[in-house]
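Enquirer: Sharing a structure with you now.
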Amino acid sequence: MGKPKIVIWGADNYNTLGLVRSLANTDFDIVLLITGSKQGVATASKYNNSIVYTHNTDEAVDFLIKKYNAQTDSRLKAVLLPGSDTISLAVANNWEKLKDRFHLMITQNPETLIKVTDKNVMGDLASKAGLLVPQSQLYRVGDNISVSFPIILKPVQYEGRKEFKTKVLRSYEEFDRFLKYMNPTNLYQVQQYIDKDYDVVIYGCRLLSGEVVLAGHHTLERWSDDGGGSYGHLSPDVPEYLNPDALGKFFEDIGYTGLFSAEYGYKDGKAYFYEVNLRNDGFCHLSYQAGANLPMLWVCSCLDLPFEGSRKMTKSVVGINEIYDVINVWRSHISWKKYKSDLREAGAFHFYDPKDPQPYKNMHKRMWWEIPMRAALKTFRPHIVRIMNKMRNK
């Protein structure tokens with residue numbers, strides 16, 4: 001039958017790097033399919049044998065169709081592992097072309113995945129499944145706001161460059177001042193802001209049998225300017241306040257199978273559901289370092305191969321973004337001494353691996369100019385995008 005075929009499809013970042021390392025040292029025929037520019041992260045790993053670069057998702061889909069033939073035997077299909085929402089949507093939009101060639105992380109009806117990517121639709125379905133969801137509404141510039149302040153604002157459908165990832169606004173007056181940065185053609189989610197103690201992420205995989213496997217959970221206590229959690233604690237247990245049964249009901253309702261991470265805000269003993277990523281992401285990479293190899297579990301379940309790893313984390317560890325967490329020192333959230341102490345204590349990293357050192361070396365070389373650039377971009381991005389949109393519309 002030949003070697004099992006795997007395609008890791010993502011950007012050249014630590015999410016994709018996690019998949020590369022999770023499937024390393026196996027007798028698989030693995031192709032790393034990069035969409036976007038080379039960043040020297042996943043592509044720098046010593047575990048790569050074949051790397052293909054594409055400019056956009058259309059070009060990547062063309063490659064997949066030409067490279068991989070349709071198969072009637074499911075064991076001969078390749079396994080396609082997506083690493084971003086954009087790529088997951090490309091898979092759903094090209095499902096008819098890909099379904100006979102690949103095992104896909106997808107909803108039973110591909111249109112459902114496309115609809116659920118809208119955070120408002122996702123929140124409604126999660127609430128119906130029994131998860132605790134903050135009050136929210138779909139918003140376009142000019143609409144009335146029915147959600148109580150403070151709020152968190154998120155673009156859900158947008159043209160051109162996204163003005164911001166999320167924006168917390170404490171009052172209507174603050175929101176009114178921010179309106180000038182919002183695009184009237186875009187759709188946003190306005191959601192009740194939970195003044196949380198910390199965020200929580202569950203790592204998991206829903207197998208083809210319908211079984212939901214949860215590797216454990218991760219508390220996120222600090223954040224970096226790349227939009228990701230930069231410090232927290234990983235643990236094998238899944239607390240009941242996260243309502244894992246309702247999460248399983250949500251996946252059953254949408255008919256999804258594949259890797260996922262679910263995100264919550266914790267406050268006063270309650271977990272408020274934010275969103276679920278229907279794909280691989282960086283949290284699965286951290287759970288792998290804590291002992292659970294869910295990407296391998298998914299591949300083995302698709303190809304009917306024996307799985308010899310662990311479905312759950314085997315230890316509790318500190319997780320840290322050893323490159324970007326330093327921004328919390330610059331912003332006076334923590335001291336330099338605290339940062340160094342946390343770094344020494346950590347057991348799960350975004351880039352560092354003594355057996356595969358080059359991705360970390362590459363990131364460390366550029367951290368001192370990239371971190372200030374990200375800080376500036378986070379501050380001035382709404383202004384920059386507003387100017388660019390005005391220039392484009394002239």
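So you can find residues: chains in the structure tokens are A, B, ... in the order shown, residues in each start at 1, and ligands are numbered from 1 in order.
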Excluding Ile51 (chain A) and residues on its chain fewer than 4 positions from it, collect all residues at most 8 Å away from it, counting only C-alpha atoms, and give them as a VMD selection string.
Expert: chain A and resid 31 to 34 43
Enquirer: If you run DSSP on the backbone here, which positions in region 123-340 of chain A get helix (DSSP H, G or I)? Please write them as a ChimeraX atom specification.
Expert: /A:123-129,172-181,240-242,244-254,282-289,294-303,324-330,336-340
Enquirer: Could you list, with a cut-off of 10 Å and counting only C-alpha atoms, the residues of region 125-221 of chain A near region 104-111 of chain A, each shown with its nearest atom pair and the distance in Å rounded to one decimal, rows sorted by chain and ascending number, as CSV?
Expert:
```
residue,atom,partner,partner_atom,distance
A:Cys205,CA,A:Met105,CA,9.9
A:Arg206,CA,A:Met105,CA,9.4
A:Leu207,CA,A:Met105,CA,9.8
A:Leu208,CA,A:Met105,CA,9.7
```
Enquirer: Include C-alpha atoms and write out the residues we just selected as a PDB file, in the first residue's frame.
Expert:
```
ATOM      1  CA  CYS A 205     -10.220  15.768  18.746  1.00  0.00           C
ATOM      2  CA  ARG A 206     -13.562  14.366  17.615  1.00  0.00           C
ATOM      3  CA  LEU A 207     -12.884  11.029  15.939  1.00  0.00           C
ATOM      4  CA  LEU A 208     -14.719   9.606  12.949  1.00  0.00           C
TER       5      LEU A 208
END
```
Enquirer: Under the rule that only C-alpha atoms are counted, which of A:Leu286, A:Leu278, A:Leu259, A:Val329 is the nearest residue to Trp223 (chain A)?
Expert: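 Of the candidates, the smallest distance to Trp223 (chain A) is held by A:Val329.
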Enquirer: Would you return as an MDAnalysis selection string the members of region 10-143 of chain A that DSSP assigns to strand (DSSP E) on this structure's backbone?
Expert: chainID A and resid 10 29:35 51:54 78:82 102:103 106:107 136:139
Enquirer: Just the residues within 7 Å of Gly347 (chain A), please, counting only C-alpha atoms, with nothing from its chain fewer than 5 positions along; format it as a PDB file with all heavy atoms, in the first residue's frame.
Expert:
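The new file part08.pdb reads:
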```
ATOM      1  N   VAL A 317       2.322  21.151  33.253  1.00  0.00           N
ATOM      2  CA  VAL A 317       3.502  21.972  32.975  1.00  0.00           C
ATOM      3  C   VAL A 317       3.101  23.428  32.774  1.00  0.00           C
ATOM      4  O   VAL A 317       1.946  23.741  32.491  1.00  0.00           O
ATOM      5  CB  VAL A 317       4.261  21.489  31.720  1.00  0.00           C
ATOM      6  CG1 VAL A 317       4.775  20.071  31.898  1.00  0.00           C
ATOM      7  CG2 VAL A 317       3.383  21.593  30.477  1.00  0.00           C
ATOM      8  N   VAL A 318       4.073  24.306  32.903  1.00  0.00           N
ATOM      9  CA  VAL A 318       3.915  25.716  32.545  1.00  0.00           C
ATOM     10  C   VAL A 318       4.175  25.860  31.053  1.00  0.00           C
ATOM     11  O   VAL A 318       5.134  25.305  30.518  1.00  0.00           O
ATOM     12  CB  VAL A 318       4.903  26.598  33.336  1.00  0.00           C
ATOM     13  CG1 VAL A 318       4.938  28.021  32.778  1.00  0.00           C
ATOM     14  CG2 VAL A 318       4.527  26.612  34.812  1.00  0.00           C
ATOM     15  N   GLY A 319       3.296  26.580  30.370  1.00  0.00           N
ATOM     16  CA  GLY A 319       3.491  26.858  28.956  1.00  0.00           C
ATOM     17  C   GLY A 319       3.795  28.330  28.741  1.00  0.00           C
ATOM     18  O   GLY A 319       3.174  29.200  29.368  1.00  0.00           O
TER      19      GLY A 319
END
```
Enquirer: Can you pull out every residue within 12 Å of Val213 (chain A), counting only C-alpha atoms, but drop anything in the same chain fewer than 6 positions away, and send it as a list of chain:residue names?
Expert: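 The filter keeps A:Ile202, A:Tyr203, A:Gly204, A:Cys205, A:Arg206, A:Leu207, A:Pro236, A:Val238, A:Pro244, A:Asp245, A:Leu247, A:Gly248, A:Phe251, A:Thr257, A:Gly258, A:Leu259, A:Phe260, A:Ser261, A:Ala292, A:Asn293, A:Leu294, A:Pro295, A:Leu297, A:Trp298, A:Ser301, A:Ser310, A:Arg311, A:Lys312, A:Met313.
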Enquirer: I want to know what sits within 9 Å of Ser74 (chain A), based on only C-alpha atoms, with residues of the same chain fewer than 2 positions away left out; could you give that as a PyMOL selection string?
Expert: chain A and resi 71-72+76-78+100-103+302-303
Enquirer: Extract, using only C-alpha atoms, all DNA, RNA and protein residues at most 7 Å from Gln135 (chain A), discarding same-chain residues fewer than 2 positions from it, and format them as a ChimeraX atom specification.
Expert: /A:133,147,191-192
Enquirer: Quick check, in Å to one decimal: how far apart do CA of Tyr172 (chain A) and CA of Tyr272 (chain A) lie?
Expert: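 CA of Tyr272 (chain A) lies 22.9 Å from CA of Tyr172 (chain A).
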Enquirer: What does the distance between CA of Asn183 (chain A) and CA of Leu89 (chain A) come to in Å, to one decimal place?
Expert: 22.9 Å
Enquirer: Counting only C-alpha atoms, which of A:Thr117, A:Asn321, A:Asn49, A:Ser332 gets nearest to Tyr231 (chain A)?
Expert: A:Asn321
Enquirer: Measure the distance from CA of Lys315 (chain A) to CA of Asp237 (chain A) in Å and round it to one decimal.
Expert: 9.9 Å
Enquirer: Under the rule that only C-alpha atoms are counted, which of A:Gly269, A:Gly130, A:Ser171, A:Lys38 is the nearest residue to Pro150 (chain A)?
Expert: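 Between A:Gly269, A:Gly130, A:Ser171, A:Lys38, the residue approaching Pro150 (chain A) most closely is A:Ser171.
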Enquirer: What are the closest atom pairs, with distances in Å to one decimal, for all residues of region 295-359 of chain A lying within 10 Å of region 6-18 of chain A? Consider only C-alpha atoms, order rows by chain and residue number, and present the result as CSV.
Expert:
```
residue,atom,partner,partner_atom,distance
A:Pro295,CA,A:Gly18,CA,9.2
A:Val299,CA,A:Ile6,CA,8.1
A:Phe349,CA,A:Tyr14,CA,9.7
A:His350,CA,A:Tyr14,CA,6.1
A:Phe351,CA,A:Tyr14,CA,6.4
A:Pro359,CA,A:Leu17,CA,8.5
```
